$ cat coords-v7.txt   # compact mmCIF, C-alpha atoms
# COMPACT_ATOMS: atom_id res chain seq x y z
CA MET A 1 0.00 0.00 0.00
CA LYS A 2 1.28 3.45 -0.87
CA VAL A 3 0.19 6.59 0.94
CA ARG A 4 1.18 10.20 0.49
CA VAL A 5 3.23 11.91 3.17
CA ASN A 6 1.93 15.37 4.05
CA ASP A 7 3.21 18.01 6.49
CA ASP A 8 1.78 16.03 9.43
CA GLY A 9 3.06 12.60 8.32
CA VAL A 10 0.85 9.74 7.13
CA VAL A 11 -2.50 8.22 8.07
CA ILE A 12 -2.51 4.46 8.70
CA PRO A 13 -5.86 2.84 7.82
CA ARG A 14 -7.69 1.58 10.92
CA HIS A 15 -8.15 -1.94 9.51
CA LEU A 16 -4.36 -2.41 9.55
CA LEU A 17 -4.26 -1.73 13.30
CA GLY A 18 -6.85 -4.29 14.34
CA GLY A 19 -8.56 -3.34 17.59
CA ALA A 20 -5.58 -1.40 18.94
CA ALA A 21 -6.32 1.80 20.84
CA GLU A 22 -2.64 2.71 21.05
CA VAL A 23 0.47 1.93 18.98
CA GLU A 24 4.20 2.24 19.43
CA ILE A 25 6.04 3.81 16.50
CA ARG A 26 9.79 3.46 16.16
CA LYS A 27 12.48 3.44 13.52
CA GLU A 28 14.66 0.33 13.20
CA ASN A 29 17.45 0.19 10.63
CA GLY A 30 15.79 2.87 8.51
CA ILE A 31 12.36 1.17 8.60
CA VAL A 32 9.37 2.67 10.41
CA VAL A 33 7.73 0.01 12.57
CA VAL A 34 4.20 0.38 13.99
CA ILE A 35 3.38 -2.03 16.83
CA PRO A 36 -0.18 -2.27 18.20
CA LEU A 37 -0.02 -2.22 22.01
CA PRO A 38 -2.19 -4.41 24.24
CA ALA A 39 -5.25 -2.71 25.71
CA ASP A 40 -4.19 -3.54 29.27
CA ASP A 41 -0.71 -2.71 30.45
CA PRO A 42 0.53 -5.81 32.32
CA ILE A 43 2.51 -3.64 34.75
CA LEU A 44 -0.79 -2.34 36.15
CA GLY A 45 -1.69 -5.86 37.26
CA LEU A 46 1.34 -6.25 39.51
CA GLY A 47 0.27 -6.90 43.06
CA SER A 48 -3.27 -7.86 42.10
CA GLN A 49 -2.68 -11.46 43.22
CA PRO A 50 -0.12 -11.21 46.02
CA VAL A 51 1.47 -14.28 47.54
CA SER A 52 0.79 -14.93 51.21
CA SER A 53 4.14 -15.02 52.99
CA GLY A 54 3.07 -15.26 56.61
CA LEU A 55 5.28 -12.28 57.44
CA PRO A 56 3.42 -9.37 59.06
CA ASP A 57 5.47 -6.65 57.32
CA ALA A 58 6.44 -8.36 54.05
CA SER A 59 5.01 -5.65 51.79
CA ALA A 60 6.66 -2.82 53.73
CA ALA A 61 10.02 -4.56 54.29
CA HIS A 62 10.29 -6.85 51.25
CA ASP A 63 13.81 -5.62 50.39
CA ARG A 64 15.05 -6.66 53.82
CA TYR A 65 13.65 -10.18 53.36
CA LEU A 66 14.99 -10.51 49.81
CA TYR A 67 18.45 -8.98 50.13
CA ASP A 68 19.48 -8.88 53.80
CA ASP A 69 22.11 -11.52 54.60
CA ALA A 70 20.90 -11.66 58.20
CA GLY A 71 17.32 -12.48 57.10
$ encode --input "coords-v7.txt" --output "structure tokens"
Amino acid sequence: MKVRVNDDGVVIPRHLLGGAAEVEIRKENGIVVVIPLPADDPILGLGSQPVSSGLPDASAAHDRYLYDDAG
């Protein structure tokens, strides 16, 4: 497909983007790449299903439990 480039850039037809609400655009080795992004950002789901540790302060002091040699 060929499209004209105007002062603002180009318009990508919606049907080529599937159901994407957002895309990432980057240039790799001289080629413009358009990547449809998932609707839900997986980082927002972190902590939604926490693991029970049995420690009363695990969420507040997790670094101490993970990295402290004395722990």
$ atom_distance --input "coords-v7.txt" --atom1 "CA of Leu17 in chain A" --atom2 "CA of Leu37 in chain A"
9.7 Å
$ residues_near_point --input "coords-v7.txt" --point "(-3.5, -1.7, 16.9)" --cutoff "10 Å" --atoms "all atoms listed in the file" --output "ChimeraX atom specification"
/A:14-24,34-39
$ axis_aligned_box --input "coords-v7.txt" --around "range 20-26 of chain A" --padding-each-side "5 Å" --output "JSON"
{"center_x": 1.7, "center_y": 1.2, "center_z": 18.6, "size_x": 26.1, "size_y": 15.2, "size_z": 14.9}
$ atom_distance --input "coords-v7.txt" --atom1 "CA of Asp68 in chain A" --atom2 "CA of Gly45 in chain A"
27.0 Å
$ build_atoms --input "coords-v7.txt" --residues "range 35-63 of chain A" --atoms "N, CA and C atoms" --output "compact mmCIF listing (two decimals), in the frame of the given file"
# COMPACT_ATOMS: atom_id res chain seq x y z
N ILE A 35 3.72 -0.85 16.04
CA ILE A 35 3.38 -2.03 16.83
C ILE A 35 2.13 -1.74 17.65
N PRO A 36 1.01 -2.44 17.37
CA PRO A 36 -0.18 -2.27 18.20
C PRO A 36 0.12 -2.72 19.63
N LEU A 37 -0.25 -1.90 20.61
CA LEU A 37 -0.02 -2.22 22.01
C LEU A 37 -1.25 -2.88 22.61
N PRO A 38 -1.04 -3.76 23.59
CA PRO A 38 -2.19 -4.41 24.24
C PRO A 38 -3.04 -3.37 24.97
N ALA A 39 -4.33 -3.65 25.06
CA ALA A 39 -5.25 -2.71 25.71
C ALA A 39 -4.91 -2.53 27.19
N ASP A 40 -4.52 -3.61 27.85
CA ASP A 40 -4.19 -3.54 29.27
C ASP A 40 -2.69 -3.64 29.44
N ASP A 41 -2.13 -2.69 30.16
CA ASP A 41 -0.71 -2.71 30.45
C ASP A 41 -0.46 -3.72 31.56
N PRO A 42 0.33 -4.77 31.31
CA PRO A 42 0.53 -5.81 32.32
C PRO A 42 1.16 -5.28 33.61
N ILE A 43 1.88 -4.18 33.54
CA ILE A 43 2.51 -3.64 34.75
C ILE A 43 1.45 -3.18 35.75
N LEU A 44 0.28 -2.79 35.25
CA LEU A 44 -0.79 -2.34 36.15
C LEU A 44 -1.38 -3.48 36.96
N GLY A 45 -1.16 -4.71 36.54
CA GLY A 45 -1.69 -5.86 37.26
C GLY A 45 -0.77 -6.37 38.36
N LEU A 46 0.43 -5.79 38.46
CA LEU A 46 1.34 -6.25 39.51
C LEU A 46 0.73 -6.02 40.88
N GLY A 47 0.81 -7.01 41.71
CA GLY A 47 0.27 -6.90 43.06
C GLY A 47 -1.20 -7.24 43.16
N SER A 48 -1.85 -7.56 42.05
CA SER A 48 -3.27 -7.86 42.10
C SER A 48 -3.55 -9.25 42.69
N GLN A 49 -2.56 -10.12 42.63
CA GLN A 49 -2.68 -11.46 43.22
C GLN A 49 -1.45 -11.74 44.07
N PRO A 50 -1.32 -11.06 45.21
CA PRO A 50 -0.12 -11.21 46.02
C PRO A 50 -0.02 -12.60 46.64
N VAL A 51 1.20 -12.99 46.91
CA VAL A 51 1.47 -14.28 47.54
C VAL A 51 1.44 -14.09 49.05
N SER A 52 0.82 -15.00 49.76
CA SER A 52 0.79 -14.93 51.21
C SER A 52 2.12 -15.46 51.74
N SER A 53 2.83 -14.62 52.50
CA SER A 53 4.14 -15.02 52.99
C SER A 53 4.13 -15.41 54.47
N GLY A 54 3.11 -15.00 55.18
CA GLY A 54 3.07 -15.26 56.61
C GLY A 54 3.87 -14.26 57.42
N LEU A 55 4.51 -13.31 56.75
CA LEU A 55 5.28 -12.28 57.44
C LEU A 55 4.39 -11.05 57.62
N PRO A 56 4.34 -10.48 58.81
CA PRO A 56 3.42 -9.37 59.06
C PRO A 56 3.78 -8.09 58.32
N ASP A 57 5.05 -7.90 57.97
CA ASP A 57 5.47 -6.65 57.32
C ASP A 57 6.13 -6.90 55.97
N ALA A 58 5.76 -7.98 55.29
CA ALA A 58 6.44 -8.36 54.05
C ALA A 58 6.30 -7.29 52.97
N SER A 59 5.16 -6.65 52.84
CA SER A 59 5.01 -5.65 51.79
C SER A 59 5.81 -4.39 52.10
N ALA A 60 5.93 -4.02 53.35
CA ALA A 60 6.66 -2.82 53.73
C ALA A 60 8.17 -3.06 53.77
N ALA A 61 8.59 -4.27 54.10
CA ALA A 61 10.02 -4.56 54.29
C ALA A 61 10.51 -5.66 53.35
N HIS A 62 9.93 -5.75 52.15
CA HIS A 62 10.29 -6.85 51.25
C HIS A 62 11.78 -6.85 50.88
N ASP A 63 12.38 -5.66 50.72
CA ASP A 63 13.81 -5.62 50.39
C ASP A 63 14.65 -6.30 51.47
